[in-house]
>>> print(open('entry-v7.txt').read())   # compact mmCIF, C-alpha atoms
# COMPACT_ATOMS: atom_id res chain seq x y z
CA MET A 19 0.48 110.65 146.62
CA GLN A 20 0.26 106.88 147.05
CA ALA A 21 0.65 105.86 150.67
CA HIS A 22 2.60 102.67 150.06
CA VAL A 23 6.21 103.68 149.70
CA LYS A 24 8.68 100.79 149.62
CA HIS A 25 10.38 100.47 152.98
CA ASN A 26 13.53 98.58 153.95
CA VAL A 27 14.59 97.33 157.36
CA TYR A 28 17.42 99.17 159.09
CA GLU A 29 19.21 97.87 162.19
CA VAL A 30 20.07 100.49 164.80
CA PHE A 31 23.22 100.42 166.93
CA ALA A 32 24.33 102.90 169.58
CA GLN A 33 26.81 103.51 172.39
CA ILE A 34 26.33 105.51 175.55
CA GLU A 35 29.96 106.42 176.24
CA PRO A 36 32.43 107.33 173.48
CA GLY A 37 34.62 104.27 172.98
CA GLY A 38 32.26 102.09 175.03
CA PRO A 39 30.48 98.95 173.91
CA ILE A 40 28.25 99.23 170.87
CA SER A 41 24.78 97.81 171.45
CA HIS A 42 22.16 96.69 169.00
CA ILE A 43 19.12 98.66 170.18
CA GLY A 44 16.50 97.74 167.60
CA ASN A 45 15.41 98.18 164.05
CA LEU A 46 13.01 100.24 161.99
CA ASN A 47 11.44 100.48 158.55
CA ALA A 48 12.26 103.44 156.34
CA PRO A 49 12.11 104.28 152.63
CA GLY A 50 15.70 105.53 152.59
CA MET A 51 18.81 106.17 154.64
CA ASP A 52 18.03 109.85 155.34
CA LEU A 53 14.69 109.01 156.94
CA ALA A 54 16.16 105.92 158.66
CA LYS A 55 18.64 108.15 160.50
CA THR A 56 15.94 110.71 161.30
CA TYR A 57 13.52 108.07 162.57
CA ALA A 58 16.22 106.29 164.60
CA ARG A 59 17.09 109.39 166.59
CA ARG A 60 13.44 110.02 167.40
CA ILE A 61 12.30 106.43 168.06
CA TYR A 62 15.30 105.26 170.11
CA ASP A 63 15.67 108.33 172.31
CA GLU A 64 15.47 106.58 175.69
CA GLU A 65 19.16 107.29 176.34
CA ARG A 66 21.50 110.18 175.65
CA TRP A 67 23.53 108.18 173.13
CA SER A 68 26.99 109.48 172.26
CA GLU A 69 26.80 107.81 168.83
CA MET A 70 24.16 106.00 166.84
CA TRP A 71 24.52 103.98 163.66
CA VAL A 72 21.91 102.82 161.18
CA VAL A 73 22.71 99.89 158.89
CA PRO A 74 20.52 98.47 156.11
CA ARG A 75 19.77 94.90 157.19
CA ALA A 76 20.30 93.73 153.60
CA THR A 77 23.96 94.79 153.75
CA ILE A 78 24.77 92.81 156.90
CA GLU A 79 26.71 89.60 156.23
CA VAL A 80 26.99 86.62 158.55
CA ALA A 81 30.60 86.25 159.66
CA HIS A 82 30.51 82.84 161.48
CA PRO A 83 27.60 80.70 160.33
CA ASP A 84 28.75 77.54 162.14
CA ASP A 85 31.75 77.47 164.47
CA SER A 86 31.73 73.65 164.69
CA ALA A 87 32.39 73.09 160.99
CA PRO A 88 35.92 71.72 160.36
CA PHE A 89 38.39 73.33 158.06
CA ASP A 90 37.46 72.09 154.64
CA VAL A 91 40.29 69.98 153.08
CA PRO A 92 40.02 67.34 150.40
CA PRO A 93 40.12 63.73 151.65
CA ALA A 94 43.54 62.10 151.57
CA SER A 95 44.24 60.10 148.40
CA PRO A 96 45.57 56.50 149.01
CA ALA A 97 47.99 57.02 146.14
CA ALA A 98 49.58 59.92 147.93
CA ARG A 99 50.47 57.96 151.10
CA PRO A 100 54.22 57.40 151.63
CA GLY A 101 55.26 53.80 151.09
CA SER A 102 52.13 52.77 149.25
CA MET B 8 5.21 119.27 177.20
CA THR B 9 8.61 119.80 175.61
CA GLU B 10 11.68 120.96 177.51
CA ALA B 11 11.38 124.38 175.88
CA ALA B 12 7.81 124.72 177.06
CA ARG B 13 8.89 124.06 180.64
CA THR B 14 11.24 127.05 180.58
CA ALA B 15 9.82 129.54 183.02
CA THR B 16 9.48 133.19 182.10
CA HIS B 17 10.00 135.95 184.63
CA ARG B 18 8.87 139.54 184.15
CA GLU B 19 11.79 141.94 184.11
CA ALA B 20 12.70 145.43 182.93
CA SER B 21 14.02 144.16 179.61
CA ASP B 22 10.52 142.86 178.82
CA LEU B 23 8.96 146.32 178.49
CA ILE B 24 7.89 146.84 174.88
CA PRO B 25 7.64 150.42 173.54
CA GLU B 26 4.10 151.34 172.48
CA SER B 27 5.13 151.72 168.82
CA SER B 28 6.35 148.12 168.69
CA ARG B 29 3.56 146.41 170.62
CA PRO B 30 1.12 145.71 167.72
CA ALA B 31 3.76 144.16 165.44
CA THR B 32 5.36 142.15 168.27
CA ARG B 33 1.98 140.86 169.34
CA ALA B 34 1.06 139.97 165.74
CA ALA B 35 4.34 138.11 165.17
CA LEU B 36 4.09 136.06 168.38
CA LEU B 37 0.40 135.37 167.84
CA ALA B 38 0.99 134.22 164.25
CA CYS B 39 3.77 131.90 165.41
CA ALA B 40 1.68 130.52 168.30
CA ASP B 41 -1.42 129.96 166.16
CA THR B 42 0.54 128.40 163.30
CA LYS B 43 2.28 126.04 165.70
CA LEU B 44 -1.05 125.15 167.31
CA LEU B 45 -2.55 124.27 163.91
CA LEU B 46 0.63 122.44 162.85
CA GLY B 47 0.37 120.39 166.03
CA TYR B 48 -3.26 119.64 165.24
CA HIS B 49 -2.53 118.45 161.68
CA TYR B 50 0.59 116.47 162.63
CA GLY B 51 -1.45 114.85 165.39
CA GLU B 52 -4.23 113.98 162.94
CA TRP B 53 -1.68 112.27 160.71
CA THR B 54 -0.49 110.04 163.51
CA PHE B 55 -2.95 107.74 161.73
CA GLY B 56 -2.86 107.53 157.95
CA ALA B 57 0.90 108.03 157.65
CA PRO B 58 2.68 105.74 155.15
CA ALA B 59 4.30 103.63 157.92
CA LEU B 60 4.36 103.33 161.69
CA GLU B 61 7.75 105.08 161.77
CA ALA B 62 6.26 108.03 159.83
CA ALA B 63 3.33 108.04 162.26
CA ILE B 64 5.70 108.23 165.24
CA ALA B 65 7.53 111.12 163.57
CA ALA B 66 4.28 112.98 162.85
CA CYS B 67 3.05 112.43 166.41
CA SER B 68 6.38 113.51 167.83
CA MET B 69 6.47 116.68 165.74
CA GLY B 70 2.89 117.39 166.80
CA GLN B 71 3.92 117.14 170.43
CA ASP B 72 6.79 119.55 169.83
CA GLU B 73 4.52 122.06 168.09
CA LEU B 74 1.87 121.97 170.80
CA GLY B 75 4.56 122.49 173.43
CA HIS B 76 5.95 125.42 171.47
CA ALA B 77 2.47 126.88 171.00
CA ARG B 78 1.90 126.67 174.75
CA LEU B 79 5.24 128.37 175.40
CA LEU B 80 4.42 131.19 172.96
CA GLN B 81 0.98 131.57 174.53
CA GLY B 82 2.77 132.03 177.84
CA LEU B 83 4.85 134.81 176.27
CA LEU B 84 1.69 136.46 174.86
CA ASP B 85 0.27 136.43 178.39
CA HIS B 86 3.56 137.70 179.80
CA PHE B 87 3.91 140.61 177.37
CA PHE B 88 0.30 141.43 176.50
CA GLY B 89 -1.93 139.88 179.15
CA LEU B 90 -3.52 137.53 176.61
CA THR B 91 -4.70 134.59 178.66
CA GLN B 92 -5.00 131.06 177.34
CA ASP B 93 -8.79 131.37 177.53
CA ALA B 94 -8.73 134.55 175.44
CA LEU B 95 -6.45 132.91 172.90
CA ILE B 96 -8.13 129.56 172.50
CA GLU B 97 -11.56 129.47 174.09
CA GLU B 98 -12.91 132.87 173.11
CA ARG B 99 -11.73 133.38 169.51
CA PRO B 100 -13.59 132.37 166.37
CA GLY B 101 -11.56 130.93 163.49
CA VAL B 102 -11.54 134.22 161.57
CA GLU B 103 -9.47 135.77 164.38
CA PHE B 104 -6.76 133.10 164.27
CA ALA B 105 -3.46 134.23 162.79
CA ASN B 106 -2.15 130.90 161.49
CA ILE B 107 -0.66 130.47 158.04
CA ALA B 108 -3.75 129.93 155.88
CA PHE B 109 -2.55 126.64 154.33
CA LEU B 110 -3.43 125.06 157.68
CA ASP B 111 -7.07 126.24 157.57
CA ARG B 112 -8.20 123.27 155.52
CA PRO B 113 -7.94 119.54 156.21
CA PHE B 114 -4.92 117.81 154.71
CA GLY B 115 -6.02 115.69 151.77
CA SER B 116 -2.94 113.50 151.53
CA TRP B 117 0.53 112.82 152.91
CA ALA B 118 1.84 115.35 150.32
CA ASP B 119 0.11 118.11 152.32
CA VAL B 120 1.84 116.88 155.49
CA VAL B 121 5.22 116.91 153.72
CA VAL B 122 4.66 120.44 152.40
CA ALA B 123 3.38 121.75 155.74
CA ASN B 124 6.54 120.27 157.24
CA ALA B 125 8.85 121.64 154.52
CA LEU B 126 7.34 125.12 154.10
CA VAL B 127 5.01 126.11 156.95
CA ASP B 128 7.06 124.57 159.76
CA LEU B 129 10.22 126.08 158.25
CA ALA B 130 8.60 129.53 157.95
CA VAL B 131 7.72 129.66 161.66
CA THR B 132 11.12 128.29 162.65
CA LEU B 133 12.90 130.98 160.62
CA GLU B 134 10.60 133.66 162.03
CA ILE B 135 11.40 132.54 165.59
CA GLY B 136 15.06 132.59 164.60
CA SER B 137 14.65 136.27 163.73
CA PHE B 138 14.18 136.91 167.48
CA ARG B 139 17.61 135.45 168.30
CA GLY B 140 19.44 137.91 170.54
CA SER B 141 16.19 139.85 171.07
CA SER B 142 16.15 142.77 173.49
CA LEU B 143 13.18 141.05 175.18
CA GLY B 144 14.77 138.79 177.79
CA ALA B 145 11.87 136.35 178.21
CA LEU B 146 11.73 135.79 174.46
CA ARG B 147 15.49 135.66 173.93
CA ARG B 148 15.92 132.90 176.51
CA VAL B 149 13.64 130.40 174.76
CA VAL B 150 14.60 130.95 171.12
CA ASP B 151 17.61 128.63 170.97
CA LYS B 152 15.75 125.79 172.66
CA LEU B 153 12.85 126.14 170.21
CA LEU B 154 15.24 126.10 167.28
CA GLN B 155 17.07 123.05 168.62
CA GLU B 156 13.83 121.08 168.78
CA GLU B 157 13.05 122.08 165.18
CA ARG B 158 16.17 120.45 163.75
CA PHE B 159 14.44 117.09 163.56
CA HIS B 160 11.47 118.64 161.76
CA ASP B 161 13.77 120.09 159.10
CA GLU B 162 15.59 116.78 158.52
CA HIS B 163 12.27 114.97 158.30
CA ALA B 164 10.84 117.51 155.85
CA ARG B 165 13.81 117.49 153.51
CA ALA B 166 14.03 113.70 153.41
CA TRP B 167 10.33 113.27 152.63
CA PHE B 168 10.30 116.14 150.11
CA LYS B 169 13.06 114.50 148.09
CA LEU B 170 11.44 111.09 148.39
CA ALA B 171 8.02 112.34 147.27
CA ALA B 172 9.54 114.26 144.35
CA GLY B 173 11.50 111.28 143.12
CA ARG B 174 9.18 108.37 143.71
CA ASN B 175 6.85 108.55 140.71
CA ALA B 176 4.88 111.00 138.58
CA ALA B 177 1.80 110.88 140.82
CA SER B 178 3.68 111.65 144.04
CA ARG B 179 5.65 114.41 142.31
CA GLU B 180 2.42 115.93 140.99
CA ALA B 181 0.80 115.80 144.45
CA LEU B 182 3.85 117.44 145.97
CA THR B 183 3.91 120.15 143.29
CA ALA B 184 0.21 120.94 143.80
CA ALA B 185 0.68 121.14 147.57
CA VAL B 186 3.67 123.52 147.27
CA ARG B 187 1.74 125.75 144.89
CA ALA B 188 -1.20 125.80 147.31
CA ALA B 189 0.97 126.56 150.34
CA LEU B 190 3.42 129.12 149.01
CA PRO B 191 1.11 132.19 148.84
CA SER B 192 0.07 131.85 152.49
CA VAL B 193 3.62 131.04 153.61
CA LEU B 194 4.99 134.18 151.95
CA ALA B 195 2.06 136.26 153.24
CA PHE B 196 3.22 135.34 156.76
CA PHE B 197 6.25 137.63 156.16
CA GLY B 198 4.24 140.52 154.74
CA PRO B 199 3.91 141.85 151.20
CA SER B 200 6.97 142.99 149.29
CA GLY B 201 8.23 146.32 150.61
CA SER B 202 6.23 146.13 153.85
CA THR B 203 7.60 148.12 156.79
CA HIS B 204 5.49 146.36 159.45
CA ASP B 205 8.53 145.10 161.38
CA HIS B 206 10.75 148.19 161.15
CA PRO B 207 9.94 149.37 164.71
CA LEU B 208 10.88 145.91 166.03
CA LEU B 209 14.21 146.03 164.24
CA GLN B 210 14.91 149.54 165.53
CA GLU B 211 14.19 148.47 169.11
CA GLY B 212 16.26 145.29 168.80
CA ILE B 213 13.20 143.11 169.48
CA LYS B 214 13.90 141.39 166.18
CA THR B 215 17.39 140.97 164.82
CA ARG B 216 16.44 140.10 161.27
CA SER B 217 13.73 141.57 159.04
CA ASP B 218 10.82 139.54 157.72
CA ALA B 219 11.93 140.44 154.18
CA ASP B 220 15.32 138.79 154.90
CA VAL B 221 13.62 135.77 156.43
CA ALA B 222 11.29 135.36 153.42
CA GLU B 223 14.29 135.54 151.09
CA ASP B 224 16.10 132.95 153.21
CA LEU B 225 13.07 130.66 153.06
CA LEU B 226 12.84 130.93 149.27
CA GLY B 227 16.57 130.24 148.99
CA ARG B 228 16.30 127.13 151.16
CA LEU B 229 13.26 125.95 149.22
CA ALA B 230 15.07 126.53 145.89
CA ARG B 231 18.02 124.42 147.10
CA LEU B 232 15.69 121.67 148.31
CA ALA B 233 13.77 121.76 145.02
CA THR B 234 17.04 121.47 143.10
CA ASP B 235 18.12 118.50 145.26
CA ALA B 236 14.71 116.97 144.59
CA GLY B 237 15.18 117.21 140.82
CA PHE B 238 13.14 120.30 140.04
CA GLY B 239 14.72 123.02 137.89
CA PRO B 240 16.82 125.72 139.58
CA ALA B 241 14.07 128.30 138.85
CA ALA B 242 11.23 126.13 140.23
CA VAL B 243 10.56 128.56 143.08
CA SER B 244 10.62 131.69 140.91
CA SER B 245 7.72 133.37 139.15
CA GLY B 246 6.55 131.02 136.39
CA GLY B 247 8.55 128.08 137.80
CA ASP B 248 7.23 124.54 138.34
CA LEU B 249 6.48 125.14 142.03
CA TRP B 250 5.31 128.74 141.76
CA PRO B 251 1.55 129.37 142.29
CA ALA B 252 -0.21 129.69 138.94
CA ASP B 253 -2.25 132.64 140.23
CA GLY B 254 0.79 134.41 141.67
CA LEU B 255 0.86 135.97 145.13
CA PRO B 256 -2.02 137.84 146.82
CA ALA B 257 -2.28 141.61 146.36
CA ALA B 258 -0.48 143.68 148.99
CA GLY B 259 -3.72 145.47 149.87
CA ALA B 260 -5.31 142.23 151.06
CA TRP B 261 -2.71 141.76 153.81
CA ASN B 262 -3.94 142.00 157.39
CA PRO B 263 -1.02 143.01 159.64
CA ASP B 264 -2.80 141.80 162.81
CA ARG B 265 -3.20 138.27 161.39
CA ARG B 266 -0.16 138.38 159.09
CA ARG B 267 -2.18 136.84 156.28
CA SER B 268 -4.09 137.88 153.18
CA ASP B 269 -6.74 135.18 153.32
CA PRO B 270 -9.74 136.50 155.28
CA GLY B 271 -10.84 133.00 156.34
CA GLY B 272 -9.57 130.86 159.17
CA PRO B 273 -9.76 127.35 160.63
CA THR B 274 -13.26 125.84 160.51
CA ALA B 275 -15.56 126.01 163.52
CA GLU B 276 -15.11 122.26 163.97
CA VAL B 277 -11.33 122.57 164.17
CA VAL B 278 -11.54 125.52 166.57
CA GLU B 279 -13.94 123.49 168.71
CA GLN B 280 -11.43 120.64 168.82
CA LEU B 281 -8.56 123.02 169.62
CA SER B 282 -10.52 124.54 172.48
CA GLY B 283 -11.74 121.22 173.82
CA ALA B 284 -15.26 122.67 173.99
CA ARG B 285 -16.81 119.19 173.82
CA ASN B 286 -15.09 118.26 177.05
CA VAL B 287 -15.77 121.40 178.97
CA GLU B 288 -16.78 119.46 182.08
CA PHE B 289 -13.18 118.31 182.51
CA ARG B 290 -11.71 121.79 182.20
CA ARG B 291 -9.75 123.32 185.03
CA THR B 292 -11.72 125.59 187.36
>>> encode(input="entry-v7.txt", output="structure tokens")
Amino acid sequence: MQAHVKHNVYEVFAQIEPGGPISHIGNLNAPGMDLAKTYARRIYDEERWSEMWVVPRATIEVAHPDDSAPFDVPPASPAARPGS
Amino acid sequence: MTEAARTATHREASDLIPESSRPATRAALLACADTKLLLGYHYGEWTFGAPALEAAIAACSMGQDELGHARLLQGLLDHFFGLTQDALIEERPGVEFANIAFLDRPFGSWADVVVANALVDLAVTLEIGSFRGSSLGALRRVVDKLLQEERFHDEHARAWFKLAAGRNAASREALTAAVRAALPSVLAFFGPSGSTHDHPLLQEGIKTRSDADVAEDLLGRLARLATDAGFGPAAVSSGGDLWPADGLPAAGAWNPDRRRSDPGGPTAEVVEQLSGARNVEFRRT
């Protein structure tokens, strides 16, 4: 068997108390979701987590890339001004 | 040492084993202890050489579990039969070990690790499960904890088995060859077809499930896994893709004391490493 199996990065999230804050606790490389979940439980076992989630990094989308950007509207047209 | 291995055992009336059941009980516990010891050795070896650091951590972690379980079972062998750790590890040549024979030889590739995980590890786990509710108190109290720690091993094995089967023709071929090599020794662990070696244990309530049932369970689980992995539904039947080309060993070759048909054992070098003979000056006094 060839040793180099394609791996993807998975981000690992967990919470200590049910309903409590969800923390990002790290990431790992795995060749599939089944092994990502298996690895996550064994690698990040420093706490007795109530829940743990594994998310492929490639599926995570940026929600707020730049908060300072203004709402994008077209510039006002001089012809549209009242009284002009 | 794992949590299960830290569980203390205390001699009590329920730990008296009738004379008729002592050889088979001893053989079963010894085979489990030796197989776990060798599994721990091979998993530990593959801490380096695994396909990724995460796989290395998993192999190392499973190795730690197996060594802890082996130590716990050695404690039970001492408790029930007076077999000390020295007698079990330091004073036995390889041909007296009772491990599943697939573990005698070095693992040539990650496919061997996956198959040891999927078949050999599962076989010992199911065998230990057959002592659930045992009449022997010291044994009964540790079974559930051992099984709990094996859940991770099972998840790991199934995920890698499916991955190896589906990746490409070469990995599928390596996996197939490893299953075919392992299966005869894994099934020999449960005795030849029709064997009555564990009947006294079942009658005394020491075991709650026969080895024949456990072997059938193992083949059923393997057939389901093989189907999930894209092999045909009859892959684990005589003549199937994963069935050994030479069939199973003859019943007459089976040694009930070692629960195996193969007369060999781990090499002298492996036994030397298991015993720590090269570092004898650091040994306890």
>>> residues_around(input="entry-v7.txt", residues="Gly37 in chain A", least_positions_apart="4", cutoff="12 Å", atoms="all atoms listed in the file", output="ChimeraX atom specification")
/A:32-33,41,67-69
>>> residues_around(input="entry-v7.txt", residues="range 43-45 of chain A", least_positions_apart="6", cutoff="6 Å", atoms="all atoms listed in the file", output="list in words")
Tyr28, Glu29, Val30 and Phe31 of chain A
>>> closest_atom_pairs(input="entry-v7.txt", of="chain B", to="chain A", cutoff="8 Å", atoms="all atoms listed in the file", output="Markdown table")
| residue | atom | partner | partner_atom | distance |
| --- | --- | --- | --- | --- |
| B:Ala57 | CA | A:Ala21 | CA | 7.3 |
| B:Pro58 | CA | A:Ala21 | CA | 4.9 |
| B:Ala59 | CA | A:Asn47 | CA | 7.8 |
| B:Glu61 | CA | A:Tyr57 | CA | 6.5 |
| B:Ala62 | CA | A:Tyr57 | CA | 7.8 |
| B:Ile64 | CA | A:Ile61 | CA | 7.4 |
| B:Ala65 | CA | A:Tyr57 | CA | 6.8 |
| B:Ser68 | CA | A:Arg60 | CA | 7.9 |
| B:Ser116 | CA | A:Met19 | CA | 6.6 |
| B:Trp117 | CA | A:Met19 | CA | 6.7 |
| B:Ala118 | CA | A:Met19 | CA | 6.1 |
| B:Phe159 | CA | A:Thr56 | CA | 6.9 |
| B:Glu162 | CA | A:Thr56 | CA | 6.7 |
| B:His163 | CA | A:Thr56 | CA | 6.4 |
| B:Ala166 | CA | A:Asp52 | CA | 5.9 |
| B:Trp167 | CA | A:Leu53 | CA | 7.5 |
| B:Ala171 | CA | A:Met19 | CA | 7.8 |
| B:Ala177 | CA | A:Met19 | CA | 6.0 |
| B:Ser178 | CA | A:Met19 | CA | 4.2 |
| B:Arg179 | CA | A:Met19 | CA | 7.7 |
| B:Glu180 | CA | A:Met19 | CA | 8.0 |
| B:Ala181 | CA | A:Met19 | CA | 5.6 |
| B:Leu182 | CA | A:Met19 | CA | 7.6 |
>>> write_last_selection(input="entry-v7.txt", atoms="C-alpha atoms", output="short mmCIF file (atom, residue, chain, number, x, y, z; two decimals), in the coordinates of the input")
data_model
loop_
_atom_site.label_atom_id
_atom_site.label_comp_id
_atom_site.auth_asym_id
_atom_site.auth_seq_id
_atom_site.Cartn_x
_atom_site.Cartn_y
_atom_site.Cartn_z
CA ALA B 57 0.90 108.03 157.65
CA PRO B 58 2.68 105.74 155.15
CA ALA B 59 4.30 103.63 157.92
CA GLU B 61 7.75 105.08 161.77
CA ALA B 62 6.26 108.03 159.83
CA ILE B 64 5.70 108.23 165.24
CA ALA B 65 7.53 111.12 163.57
CA SER B 68 6.38 113.51 167.83
CA SER B 116 -2.94 113.50 151.53
CA TRP B 117 0.53 112.82 152.91
CA ALA B 118 1.84 115.35 150.32
CA PHE B 159 14.44 117.09 163.56
CA GLU B 162 15.59 116.78 158.52
CA HIS B 163 12.27 114.97 158.30
CA ALA B 166 14.03 113.70 153.41
CA TRP B 167 10.33 113.27 152.63
CA ALA B 171 8.02 112.34 147.27
CA ALA B 177 1.80 110.88 140.82
CA SER B 178 3.68 111.65 144.04
CA ARG B 179 5.65 114.41 142.31
CA GLU B 180 2.42 115.93 140.99
CA ALA B 181 0.80 115.80 144.45
CA LEU B 182 3.85 117.44 145.97
#
>>> residues_around(input="entry-v7.txt", residues="Phe104 in chain B", least_positions_apart="6", cutoff="9 Å", atoms="all atoms listed in the file", output="VMD selection string")
chain B and resid 37 to 38 41 to 42 95 265 271 to 273
>>> atom_distance(input="entry-v7.txt", atom1="CA of Arg266 in chain B", atom2="CA of Gly136 in chain B")
17.2 Å
>>> atom_distance(input="entry-v7.txt", atom1="CA of Ala66 in chain B", atom2="CA of Gly51 in chain B")
6.5 Å
>>> atom_distance(input="entry-v7.txt", atom1="CA of Val150 in chain B", atom2="CA of Glu35 in chain A")
29.4 Å
>>> closest_residue(input="entry-v7.txt", among="B:Ala252, B:Ala172, B:Ile135, B:Ala189", to="Leu232 in chain B", atoms="all atoms listed in the file")
B:Ala172
